>>> print(open('work-v5.cif').read())   # mmCIF, C-alpha atoms
data_work
loop_
_atom_site.group_PDB
_atom_site.id
_atom_site.type_symbol
_atom_site.label_atom_id
_atom_site.label_comp_id
_atom_site.auth_asym_id
_atom_site.auth_seq_id
_atom_site.Cartn_x
_atom_site.Cartn_y
_atom_site.Cartn_z
ATOM 1 C CA MET B 1 30.040 66.060 33.543
ATOM 2 C CA LEU B 2 26.573 66.535 35.004
ATOM 3 C CA LEU B 3 24.355 69.281 33.667
ATOM 4 C CA ILE B 4 22.457 70.734 36.616
ATOM 5 C CA ASN B 5 19.472 72.985 36.205
ATOM 6 C CA CYS B 6 19.703 75.840 38.709
ATOM 7 C CA PRO B 7 16.182 77.116 39.510
ATOM 8 C CA TRP B 8 17.445 80.687 38.999
ATOM 9 C CA CYS B 9 20.166 80.441 36.334
ATOM 10 C CA GLY B 10 19.170 77.473 34.182
ATOM 11 C CA PRO B 11 21.372 74.588 33.062
ATOM 12 C CA ARG B 12 25.061 74.898 33.922
ATOM 13 C CA ASP B 13 28.000 72.532 34.223
ATOM 14 C CA GLU B 14 28.523 70.592 37.427
ATOM 15 C CA THR B 15 31.842 72.424 38.028
ATOM 16 C CA GLU B 16 29.891 75.603 38.851
ATOM 17 C CA TYR B 17 28.183 73.866 41.779
ATOM 18 C CA HIS B 18 28.971 72.730 45.273
ATOM 19 C CA TYR B 19 27.419 69.552 46.660
ATOM 20 C CA GLY B 20 25.563 69.728 49.964
ATOM 21 C CA GLY B 21 24.494 66.185 50.839
ATOM 22 C CA GLN B 22 21.037 64.778 51.515
ATOM 23 C CA ALA B 23 18.123 67.206 51.450
ATOM 24 C CA HIS B 24 15.137 67.309 53.793
ATOM 25 C CA VAL B 25 17.027 66.388 56.978
ATOM 26 C CA PRO B 26 15.081 68.356 59.595
ATOM 27 C CA TYR B 27 16.824 69.933 62.566
ATOM 28 C CA PRO B 28 15.690 68.195 65.774
ATOM 29 C CA GLY B 29 12.569 69.788 67.270
ATOM 30 C CA ASN B 30 13.948 69.856 70.813
ATOM 31 C CA PRO B 31 17.707 69.384 70.498
ATOM 32 C CA ALA B 32 18.293 69.525 74.254
ATOM 33 C CA ASP B 33 16.479 66.203 74.695
ATOM 34 C CA LEU B 34 18.658 64.261 72.269
ATOM 35 C CA ASP B 35 21.124 61.707 73.570
ATOM 36 C CA ASP B 36 24.500 61.094 71.932
ATOM 37 C CA ARG B 37 23.222 58.334 69.688
ATOM 38 C CA GLN B 38 20.368 60.469 68.376
ATOM 39 C CA TRP B 39 22.741 63.375 67.752
ATOM 40 C CA ALA B 40 25.138 61.112 65.894
ATOM 41 C CA GLU B 41 22.289 59.850 63.751
ATOM 42 C CA TYR B 42 21.153 63.403 63.005
ATOM 43 C CA VAL B 43 24.643 64.645 62.162
ATOM 44 C CA PHE B 44 26.207 61.674 60.380
ATOM 45 C CA TYR B 45 23.595 59.131 59.293
ATOM 46 C CA ARG B 46 22.323 59.549 55.744
ATOM 47 C CA ASP B 47 20.281 57.446 53.374
ATOM 48 C CA ASN B 48 22.097 55.425 50.744
ATOM 49 C CA THR B 49 19.309 55.310 48.228
ATOM 50 C CA LYS B 50 19.340 53.381 44.996
ATOM 51 C CA GLY B 51 17.138 55.415 42.668
ATOM 52 C CA PRO B 52 15.714 58.929 43.050
ATOM 53 C CA TYR B 53 17.549 60.783 45.799
ATOM 54 C CA ALA B 54 16.886 64.346 47.010
ATOM 55 C CA GLU B 55 20.087 66.250 47.615
ATOM 56 C CA ARG B 56 21.228 69.814 48.138
ATOM 57 C CA TRP B 57 23.393 71.748 45.711
ATOM 58 C CA MET B 58 24.681 75.302 45.720
ATOM 59 C CA HIS B 59 25.370 77.293 42.565
ATOM 60 C CA SER B 60 28.673 78.586 43.890
ATOM 61 C CA THR B 61 30.013 80.377 40.804
ATOM 62 C CA GLY B 62 26.572 81.614 39.725
ATOM 63 C CA CYS B 63 23.819 83.002 41.893
ATOM 64 C CA ARG B 64 25.229 81.419 45.104
ATOM 65 C CA ARG B 65 21.827 80.038 46.096
ATOM 66 C CA TRP B 66 21.115 76.656 47.694
ATOM 67 C CA PHE B 67 18.481 74.499 46.068
ATOM 68 C CA ASN B 68 17.418 70.861 45.923
ATOM 69 C CA VAL B 69 17.874 68.362 43.155
ATOM 70 C CA LEU B 70 16.227 64.980 42.667
ATOM 71 C CA ARG B 71 18.874 62.720 41.148
ATOM 72 C CA ASP B 72 18.645 59.099 40.159
ATOM 73 C CA THR B 73 21.687 57.524 41.805
ATOM 74 C CA VAL B 74 21.671 54.645 39.311
ATOM 75 C CA THR B 75 21.614 56.608 36.051
ATOM 76 C CA ASN B 76 22.823 59.980 37.373
ATOM 77 C CA GLU B 77 19.807 61.485 35.659
ATOM 78 C CA MET B 78 18.718 64.837 37.109
ATOM 79 C CA LEU B 79 14.990 64.304 37.545
ATOM 80 C CA ALA B 80 14.075 67.689 39.003
ATOM 81 C CA ALA B 81 15.523 70.845 40.515
ATOM 82 C CA TYR B 82 13.431 72.846 42.955
ATOM 83 C CA ARG B 83 13.788 75.637 45.472
ATOM 84 C CA LEU B 84 14.400 74.970 49.153
ATOM 85 C CA ASP B 85 10.871 75.928 50.184
ATOM 86 C CA ASP B 86 9.208 73.698 47.577
ATOM 87 C CA PRO B 87 8.123 70.168 48.529
ATOM 88 C CA ARG B 88 10.004 67.187 47.151
ATOM 89 C CA PRO B 89 8.457 66.219 43.808
ATOM 90 C CA GLU B 90 7.391 62.616 43.394
ATOM 91 C CA PRO B 91 9.598 60.805 40.866
ATOM 92 C CA HIS B 92 6.637 59.418 38.927
ATOM 93 C CA ASN B 93 5.285 62.959 38.476
ATOM 94 C CA VAL B 94 8.464 64.046 36.781
ATOM 95 C CA ALA B 95 7.845 63.774 33.055
ATOM 96 C CA THR B 96 11.087 65.099 31.580
ATOM 97 C CA PRO B 97 14.464 65.683 33.188
ATOM 98 C CA ALA B 98 14.694 69.255 34.440
ATOM 99 C CA GLY B 99 18.091 69.741 32.815
ATOM 100 C CA GLY B 100 16.589 69.155 29.386
ATOM 101 C CA PRO B 101 18.060 66.817 26.780
ATOM 102 C CA ARG B 102 21.824 66.402 26.991
ATOM 103 C CA MET L 1 36.282 104.863 32.870
ATOM 104 C CA ALA L 2 36.784 106.900 36.014
ATOM 105 C CA GLU L 3 38.749 110.116 35.522
ATOM 106 C CA PRO L 4 42.358 109.732 36.596
ATOM 107 C CA THR L 5 42.956 111.481 39.875
ATOM 108 C CA THR L 6 46.315 113.120 40.447
ATOM 109 C CA ALA L 7 46.267 113.507 44.219
ATOM 110 C CA GLY L 8 45.326 111.571 47.325
ATOM 111 C CA PRO L 9 45.156 107.812 47.804
ATOM 112 C CA ALA L 10 43.727 107.361 44.296
ATOM 113 C CA ALA L 11 47.058 108.470 42.810
ATOM 114 C CA LEU L 12 48.844 105.713 44.728
ATOM 115 C CA ARG L 13 46.611 102.819 43.764
ATOM 116 C CA ARG L 14 47.856 100.122 41.434
ATOM 117 C CA SER L 15 45.585 98.009 39.267
ATOM 118 C CA PRO L 16 45.880 94.213 39.542
ATOM 119 C CA LEU L 17 47.071 94.018 35.912
ATOM 120 C CA ALA L 18 49.309 97.101 35.763
ATOM 121 C CA HIS L 19 52.349 94.847 35.326
ATOM 122 C CA LEU L 20 50.813 93.215 32.220
ATOM 123 C CA GLU L 21 49.651 96.386 30.482
ATOM 124 C CA GLU L 22 52.372 96.260 27.819
ATOM 125 C CA ARG L 23 51.832 92.572 27.110
ATOM 126 C CA LEU L 24 48.078 93.011 26.782
ATOM 127 C CA ARG L 25 48.585 95.835 24.289
ATOM 128 C CA ALA L 26 51.211 93.898 22.318
ATOM 129 C CA ALA L 27 48.882 90.906 21.996
ATOM 130 C CA THR L 28 46.377 92.829 19.874
ATOM 131 C CA VAL L 29 45.573 91.126 16.570
ATOM 132 C CA THR L 30 43.947 93.052 13.715
ATOM 133 C CA GLY L 31 42.061 91.923 10.645
ATOM 134 C CA PRO L 32 39.260 89.382 10.233
ATOM 135 C CA ARG L 33 40.784 87.209 12.978
ATOM 136 C CA GLY L 34 41.320 90.245 15.149
ATOM 137 C CA VAL L 35 41.044 90.355 18.908
ATOM 138 C CA SER L 36 42.241 92.745 21.572
ATOM 139 C CA LEU L 37 42.582 92.541 25.304
ATOM 140 C CA ALA L 38 42.755 95.447 27.726
ATOM 141 C CA GLU L 39 42.211 96.161 31.383
ATOM 142 C CA TRP L 40 39.636 98.697 32.518
ATOM 143 C CA PRO L 41 40.876 99.402 36.017
ATOM 144 C CA PHE L 42 39.275 101.263 38.918
ATOM 145 C CA LEU L 43 35.665 101.197 37.789
ATOM 146 C CA THR L 44 33.231 101.758 40.630
ATOM 147 C CA MET L 45 31.397 98.610 41.693
ATOM 148 C CA VAL L 46 28.808 98.455 44.417
ATOM 149 C CA SER L 47 27.321 95.241 45.737
ATOM 150 C CA LEU L 48 23.626 95.616 46.397
ATOM 151 C CA ARG L 49 21.423 93.204 48.313
ATOM 152 C CA VAL L 50 17.775 93.903 48.951
ATOM 153 C CA ASP L 51 14.409 92.131 48.709
ATOM 154 C CA PRO L 52 13.220 93.049 45.179
ATOM 155 C CA SER L 53 9.592 93.348 46.312
ATOM 156 C CA SER L 54 10.334 95.782 49.139
ATOM 157 C CA ASP L 55 9.892 99.557 49.321
ATOM 158 C CA ALA L 56 13.659 99.871 49.718
ATOM 159 C CA ALA L 57 14.131 98.247 46.293
ATOM 160 C CA ALA L 58 11.711 100.788 44.795
ATOM 161 C CA ARG L 59 13.656 103.659 46.383
ATOM 162 C CA ILE L 60 16.931 102.245 45.044
ATOM 163 C CA GLU L 61 15.424 101.893 41.566
ATOM 164 C CA LYS L 62 14.431 105.546 41.749
ATOM 165 C CA THR L 63 17.933 106.592 42.858
ATOM 166 C CA LEU L 64 19.522 104.664 40.002
ATOM 167 C CA SER L 65 16.719 105.604 37.564
ATOM 168 C CA ALA L 66 16.800 101.965 36.446
ATOM 169 C CA ALA L 67 14.678 98.955 37.294
ATOM 170 C CA LEU L 68 16.600 96.182 39.054
ATOM 171 C CA PRO L 69 16.793 93.210 36.642
ATOM 172 C CA ARG L 70 14.730 90.270 37.908
ATOM 173 C CA HIS L 71 16.165 87.381 35.897
ATOM 174 C CA CYS L 72 19.498 85.705 35.345
ATOM 175 C CA GLY L 73 21.527 87.311 32.568
ATOM 176 C CA GLU L 74 19.685 90.612 32.529
ATOM 177 C CA THR L 75 21.290 94.012 32.952
ATOM 178 C CA ALA L 76 19.845 97.492 33.233
ATOM 179 C CA ALA L 77 21.734 100.567 32.075
ATOM 180 C CA ALA L 78 20.971 104.114 33.152
ATOM 181 C CA GLY L 79 23.386 106.988 32.583
ATOM 182 C CA PRO L 80 26.765 106.116 34.105
ATOM 183 C CA HIS L 81 25.385 103.068 35.955
ATOM 184 C CA THR L 82 24.734 99.516 34.813
ATOM 185 C CA VAL L 83 23.061 97.049 37.139
ATOM 186 C CA LEU L 84 23.999 93.387 36.679
ATOM 187 C CA TRP L 85 21.844 90.569 38.047
ATOM 188 C CA LEU L 86 23.875 88.304 40.343
ATOM 189 C CA GLY L 87 21.124 86.524 42.259
ATOM 190 C CA PRO L 88 17.411 86.806 43.108
ATOM 191 C CA ASP L 89 18.198 89.444 45.742
ATOM 192 C CA GLU L 90 21.698 90.470 44.722
ATOM 193 C CA TRP L 91 23.020 92.894 42.108
ATOM 194 C CA LEU L 92 26.286 94.512 41.117
ATOM 195 C CA VAL L 93 26.136 98.179 40.190
ATOM 196 C CA VAL L 94 28.983 99.006 37.809
ATOM 197 C CA SER L 95 29.398 102.712 37.395
ATOM 198 C CA GLN L 96 31.594 105.459 36.040
ATOM 199 C CA ALA L 97 30.472 107.692 38.900
ATOM 200 C CA GLU L 98 32.703 108.242 41.917
ATOM 201 C CA SER L 99 32.321 105.427 44.414
ATOM 202 C CA PRO L 100 31.839 107.360 47.692
ATOM 203 C CA SER L 101 28.939 109.421 46.368
ATOM 204 C CA LEU L 102 27.210 106.456 44.681
ATOM 205 C CA THR L 103 27.596 104.269 47.778
ATOM 206 C CA ALA L 104 26.256 107.066 49.968
ATOM 207 C CA GLU L 105 23.246 107.650 47.696
ATOM 208 C CA LEU L 106 22.361 103.954 47.621
ATOM 209 C CA THR L 107 22.858 103.589 51.378
ATOM 210 C CA GLU L 108 20.504 106.492 51.925
ATOM 211 C CA ALA L 109 17.930 104.930 49.574
ATOM 212 C CA LEU L 110 18.145 101.627 51.459
ATOM 213 C CA GLY L 111 17.576 103.461 54.741
ATOM 214 C CA GLY L 112 17.191 101.178 57.736
ATOM 215 C CA ASP L 113 15.559 98.382 55.752
ATOM 216 C CA PRO L 114 17.058 94.880 55.500
ATOM 217 C CA GLY L 115 19.733 94.718 52.833
ATOM 218 C CA SER L 116 23.220 95.964 52.183
ATOM 219 C CA VAL L 117 25.137 98.392 50.016
ATOM 220 C CA VAL L 118 28.877 97.763 49.944
ATOM 221 C CA ASP L 119 31.600 99.369 47.867
ATOM 222 C CA VAL L 120 33.394 96.404 46.262
ATOM 223 C CA SER L 121 35.359 98.343 43.630
ATOM 224 C CA ALA L 122 38.620 96.747 44.738
ATOM 225 C CA ASN L 123 37.191 93.217 44.724
ATOM 226 C CA ARG L 124 37.368 92.710 40.972
ATOM 227 C CA THR L 125 39.085 94.195 37.981
ATOM 228 C CA ILE L 126 37.750 94.280 34.450
ATOM 229 C CA LEU L 127 39.269 92.754 31.325
ATOM 230 C CA GLU L 128 37.800 93.712 27.990
ATOM 231 C CA LEU L 129 38.085 91.143 25.224
ATOM 232 C CA SER L 130 36.969 92.478 21.879
ATOM 233 C CA GLY L 131 37.116 91.604 18.198
ATOM 234 C CA PRO L 132 35.711 89.233 15.570
ATOM 235 C CA VAL L 133 37.194 86.127 17.214
ATOM 236 C CA ALA L 134 36.516 87.156 20.837
ATOM 237 C CA ARG L 135 33.721 84.600 21.148
ATOM 238 C CA GLU L 136 35.956 81.854 19.762
ATOM 239 C CA VAL L 137 38.598 82.745 22.352
ATOM 240 C CA LEU L 138 36.117 82.544 25.224
ATOM 241 C CA GLU L 139 34.662 79.288 23.951
ATOM 242 C CA LYS L 140 38.034 77.650 24.601
ATOM 243 C CA GLY L 141 37.289 77.799 28.298
ATOM 244 C CA CYS L 142 33.669 78.739 28.894
ATOM 245 C CA ALA L 143 30.967 76.086 28.735
ATOM 246 C CA LEU L 144 28.182 78.631 28.429
ATOM 247 C CA ASP L 145 26.352 78.996 25.099
ATOM 248 C CA LEU L 146 27.698 82.327 23.824
ATOM 249 C CA HIS L 147 26.114 82.057 20.356
ATOM 250 C CA PRO L 148 24.021 85.149 19.484
ATOM 251 C CA ARG L 149 20.829 83.047 19.675
ATOM 252 C CA ALA L 150 21.450 82.576 23.404
ATOM 253 C CA PHE L 151 23.709 85.421 24.500
ATOM 254 C CA GLY L 152 24.096 88.955 23.233
ATOM 255 C CA PRO L 153 24.820 92.565 24.072
ATOM 256 C CA GLY L 154 23.452 93.536 27.461
ATOM 257 C CA ARG L 155 23.607 89.998 28.862
ATOM 258 C CA ALA L 156 25.744 89.319 31.931
ATOM 259 C CA VAL L 157 26.165 86.121 33.946
ATOM 260 C CA SER L 158 28.391 84.696 36.643
ATOM 261 C CA THR L 159 30.235 81.712 35.260
ATOM 262 C CA GLN L 160 33.700 80.273 34.765
ATOM 263 C CA VAL L 161 36.308 81.021 32.105
ATOM 264 C CA GLY L 162 38.980 78.368 32.291
ATOM 265 C CA PRO L 163 39.074 77.549 35.983
ATOM 266 C CA VAL L 164 38.444 81.166 37.025
ATOM 267 C CA PRO L 165 35.043 82.311 38.315
ATOM 268 C CA VAL L 166 34.114 85.538 36.524
ATOM 269 C CA ILE L 167 31.181 87.744 35.758
ATOM 270 C CA LEU L 168 30.903 87.765 31.969
ATOM 271 C CA TRP L 169 29.145 90.711 30.376
ATOM 272 C CA GLN L 170 28.722 91.212 26.636
ATOM 273 C CA THR L 171 28.617 94.917 25.789
ATOM 274 C CA ASP L 172 28.317 95.050 22.000
ATOM 275 C CA GLU L 173 28.151 92.993 18.819
ATOM 276 C CA ALA L 174 31.858 93.347 17.832
ATOM 277 C CA PRO L 175 31.635 91.187 19.984
ATOM 278 C CA SER L 176 33.077 92.792 23.102
ATOM 279 C CA TYR L 177 33.022 91.029 26.424
ATOM 280 C CA ARG L 178 33.943 92.352 29.829
ATOM 281 C CA LEU L 179 35.249 89.807 32.268
ATOM 282 C CA PHE L 180 35.238 90.570 35.974
ATOM 283 C CA PRO L 181 37.692 88.257 37.746
ATOM 284 C CA ARG L 182 38.521 88.763 41.400
ATOM 285 C CA SER L 183 41.741 90.767 41.720
ATOM 286 C CA SER L 184 43.812 87.822 42.892
ATOM 287 C CA PHE L 185 42.708 85.736 39.874
ATOM 288 C CA ALA L 186 43.227 88.567 37.364
ATOM 289 C CA ASP L 187 46.868 87.811 36.602
ATOM 290 C CA TYR L 188 46.101 84.151 35.923
ATOM 291 C CA LEU L 189 43.070 84.948 33.776
ATOM 292 C CA ALA L 190 44.966 87.581 31.751
ATOM 293 C CA ARG L 191 47.785 85.106 31.037
ATOM 294 C CA TRP L 192 45.223 82.408 30.211
ATOM 295 C CA LEU L 193 43.617 84.776 27.684
ATOM 296 C CA LEU L 194 46.984 85.864 26.263
ATOM 297 C CA ASP L 195 47.739 82.204 25.627
ATOM 298 C CA ALA L 196 44.296 81.689 24.093
ATOM 299 C CA ILE L 197 44.634 84.580 21.628
ATOM 300 C CA ASP L 198 48.232 83.745 20.683
ATOM 301 C CA GLU L 199 47.192 81.509 17.771
ATOM 302 C CA TYR L 200 45.288 84.327 16.031
ATOM 303 C CA ALA L 201 48.512 86.308 15.558
ATOM 304 C CA ARG L 202 49.863 83.458 13.394
ATOM 305 C CA PRO L 203 48.732 82.167 9.999
ATOM 306 C CA GLU L 204 45.632 80.014 10.239
ATOM 307 C CA VAL L 205 46.311 76.282 10.276
ATOM 308 C CA THR L 206 43.902 74.574 7.914
#
>>> encode(input="work-v5.cif", output="structure tokens")
Amino acid sequence: MLLINCPWCGPRDETEYHYGGQAHVPYPGNPADLDDRQWAEYVFYRDNTKGPYAERWMHSTGCRRWFNVLRDTVTNEMLAAYRLDDPRPEPHNVATPAGGPR
Amino acid sequence: MAEPTTAGPAALRRSPLAHLEERLRAATVTGPRGVSLAEWPFLTMVSLRVDPSSDAAARIEKTLSAALPRHCGETAAAGPHTVLWLGPDEWLVVSQAESPSLTAELTEALGGDPGSVVDVSANRTILELSGPVAREVLEKGCALDLHPRAFGPGRAVSTQVGPVPVILWQTDEAPSYRLFPRSSFADYLARWLLDAIDEYARPEVT
């Protein structure tokens, strides 16, 4: 069970959350100009990072807000949780896991 | 609790747990391992969404004569109303006042500003779990830290009890908890709780 630190509600069990895939995937600036391949890459292609990975989560049984989490895909360690309008924190700037000690 | 009404549609309504009323009452355990379970049906609940820094929020606070809580877990009580924090711009007003008048007052306070006031009284029902072992019962299915150092009277959060999403509100130090499951989950949650409190009616296994 992952312990995820909601920016509004604090640490809660993973079962209270809904996963939303990779974070920071910008909507195309001028979507009308995209060809099929570019659309497919926007819609379906995602990074498969080994290490810190920014992803979206929603606290579905709590405050029902979307937010971003930086998770290490190797250790499953939650490195940081931050609001949608905050920039992605750099992994080396993250001193302690945002979820606190397990 | 809202006054029982003898005429009109209110007389015809049925609470989601009316069929379990007898069983809930019969499950009461007294003594040091005491716990009781009861439904509080038909309480007025109004869903409120507004930007907390806006003028509309200030007008609503004046109407309710209570400040809207700004952090997770906080509640604000004023007269017949209690405001529960559900999200950074979302609250649930639980009230013993009549729903149409409260909804109308809040809608007027919101005016034309962005936000919403919706009567959601029929969305959820309320189960009250009370007694010395009430916390123990909840801890069988709630991962939240309910110990007095972290949770106490006047705290309310959205979480899960068993597999059921509920709003959990502690009202006093008995301890008493009010659980707000959605109506369609109420039967399951009530039976889940009946099963959880069953052991306290029997001699303690040591």
>>> resolve_selection(input="work-v5.cif", expression="the PyMOL selection byres ((chain B) within 12 of (chain L))", output="PyMOL selection string")
chain B and resi 1+3+6-17+59-66+83
>>> closest_residue(input="work-v5.cif", among="B:Ala32, B:Pro26, B:Asn68, B:Met78", to="Ala54 of chain B", atoms="only C-alpha atoms")
B:Asn68
>>> atom_distance(input="work-v5.cif", atom1="atom CA of Val133 of chain L", atom2="atom CA of Glu199 of chain L")
11.0 Å
>>> closest_residue(input="work-v5.cif", among="L:Ser130, L:Thr107, L:Gln170, L:Gln96", to="Ala57 of chain L", atoms="all atoms listed in the file")
L:Thr107
>>> atom_distance(input="work-v5.cif", atom1="atom CA of Pro87 of chain B", atom2="atom CA of Leu70 of chain B")
11.3 Å
>>> axis_aligned_box(input="work-v5.cif", around="segment 27-30 of chain B", padding_each_side="6 Å", output="JSON")
{"center_x": 14.7, "center_y": 69.1, "center_z": 66.7, "size_x": 16.3, "size_y": 13.7, "size_z": 20.2}
>>> resolve_selection(input="work-v5.cif", expression="the PyMOL selection byres ((chain L and resi 50) around 8)", output="MDAnalysis selection string")
chainID L and resid 48:49 51:52 54 56:57 89:90 114:116
>>> closest_residue(input="work-v5.cif", among="B:Asp47, B:Glu41, B:Asp86, B:Asp72", to="Tyr27 of chain B", atoms="all atoms listed in the file")
B:Glu41
>>> decode(input="work-v5.cif", residues="segment 16-37 of chain L", atoms="N, CA and C atoms", output="JSON list (two decimals), in the first residue's frame")
[["chain", "number", "residue", "atom", "x", "y", "z"],
["L", 16, "PRO", "N", -33.07, 5.64, 3.94],
["L", 16, "PRO", "CA", -32.37, 4.50, 3.33],
["L", 16, "PRO", "C", -32.19, 3.33, 4.30],
["L", 17, "LEU", "N", -32.29, 3.58, 5.62],
["L", 17, "LEU", "CA", -32.06, 2.50, 6.58],
["L", 17, "LEU", "C", -33.30, 2.19, 7.40],
["L", 18, "ALA", "N", -34.47, 2.63, 6.92],
["L", 18, "ALA", "CA", -35.71, 2.39, 7.67],
["L", 18, "ALA", "C", -35.92, 0.90, 7.93],
["L", 19, "HIS", "N", -35.52, 0.06, 6.94],
["L", 19, "HIS", "CA", -35.74, -1.38, 7.09],
["L", 19, "HIS", "C", -34.81, -2.02, 8.11],
["L", 20, "LEU", "N", -33.76, -1.30, 8.55],
["L", 20, "LEU", "CA", -32.81, -1.87, 9.51],
["L", 20, "LEU", "C", -32.96, -1.26, 10.91],
["L", 21, "GLU", "N", -33.96, -0.41, 11.08],
["L", 21, "GLU", "CA", -34.08, 0.34, 12.32],
["L", 21, "GLU", "C", -34.09, -0.57, 13.55],
["L", 22, "GLU", "N", -34.89, -1.63, 13.47],
["L", 22, "GLU", "CA", -34.98, -2.58, 14.60],
["L", 22, "GLU", "C", -33.64, -3.23, 14.88],
["L", 23, "ARG", "N", -32.97, -3.66, 13.82],
["L", 23, "ARG", "CA", -31.69, -4.36, 13.99],
["L", 23, "ARG", "C", -30.63, -3.44, 14.57],
["L", 24, "LEU", "N", -30.65, -2.18, 14.16],
["L", 24, "LEU", "CA", -29.67, -1.23, 14.69],
["L", 24, "LEU", "C", -29.90, -1.04, 16.18],
["L", 25, "ARG", "N", -31.19, -0.94, 16.56],
["L", 25, "ARG", "CA", -31.50, -0.73, 17.98],
["L", 25, "ARG", "C", -31.11, -1.96, 18.79],
["L", 26, "ALA", "N", -31.41, -3.14, 18.24],
["L", 26, "ALA", "CA", -31.14, -4.39, 18.97],
["L", 26, "ALA", "C", -29.65, -4.64, 19.15],
["L", 27, "ALA", "N", -28.83, -4.02, 18.31],
["L", 27, "ALA", "CA", -27.39, -4.28, 18.36],
["L", 27, "ALA", "C", -26.69, -3.49, 19.46],
["L", 28, "THR", "N", -27.42, -2.62, 20.15],
["L", 28, "THR", "CA", -26.81, -1.78, 21.18],
["L", 28, "THR", "C", -26.16, -2.64, 22.27],
["L", 29, "VAL", "N", -24.94, -2.27, 22.64],
["L", 29, "VAL", "CA", -24.22, -2.95, 23.71],
["L", 29, "VAL", "C", -23.99, -1.91, 24.80],
["L", 30, "THR", "N", -24.22, -2.29, 26.06],
["L", 30, "THR", "CA", -23.99, -1.34, 27.16],
["L", 30, "THR", "C", -22.77, -1.78, 27.96],
["L", 31, "GLY", "N", -22.37, -0.93, 28.89],
["L", 31, "GLY", "CA", -21.24, -1.27, 29.75],
["L", 31, "GLY", "C", -19.95, -0.67, 29.22],
["L", 32, "PRO", "N", -18.82, -1.13, 29.81],
["L", 32, "PRO", "CA", -17.52, -0.55, 29.41],
["L", 32, "PRO", "C", -17.15, -0.86, 27.96],
["L", 33, "ARG", "N", -17.72, -1.94, 27.40],
["L", 33, "ARG", "CA", -17.47, -2.24, 25.99],
["L", 33, "ARG", "C", -18.71, -1.87, 25.19],
["L", 34, "GLY", "N", -19.35, -0.81, 25.60],
["L", 34, "GLY", "CA", -20.63, -0.43, 25.00],
["L", 34, "GLY", "C", -20.46, 0.30, 23.67],
["L", 35, "VAL", "N", -21.44, 0.12, 22.82],
["L", 35, "VAL", "CA", -21.47, 0.83, 21.54],
["L", 35, "VAL", "C", -22.90, 0.80, 21.03],
["L", 36, "SER", "N", -23.31, 1.87, 20.40],
["L", 36, "SER", "CA", -24.65, 1.89, 19.82],
["L", 36, "SER", "C", -24.60, 2.49, 18.43],
["L", 37, "LEU", "N", -25.58, 2.08, 17.64],
["L", 37, "LEU", "CA", -25.62, 2.48, 16.24],
["L", 37, "LEU", "C", -27.04, 2.94, 15.94]]
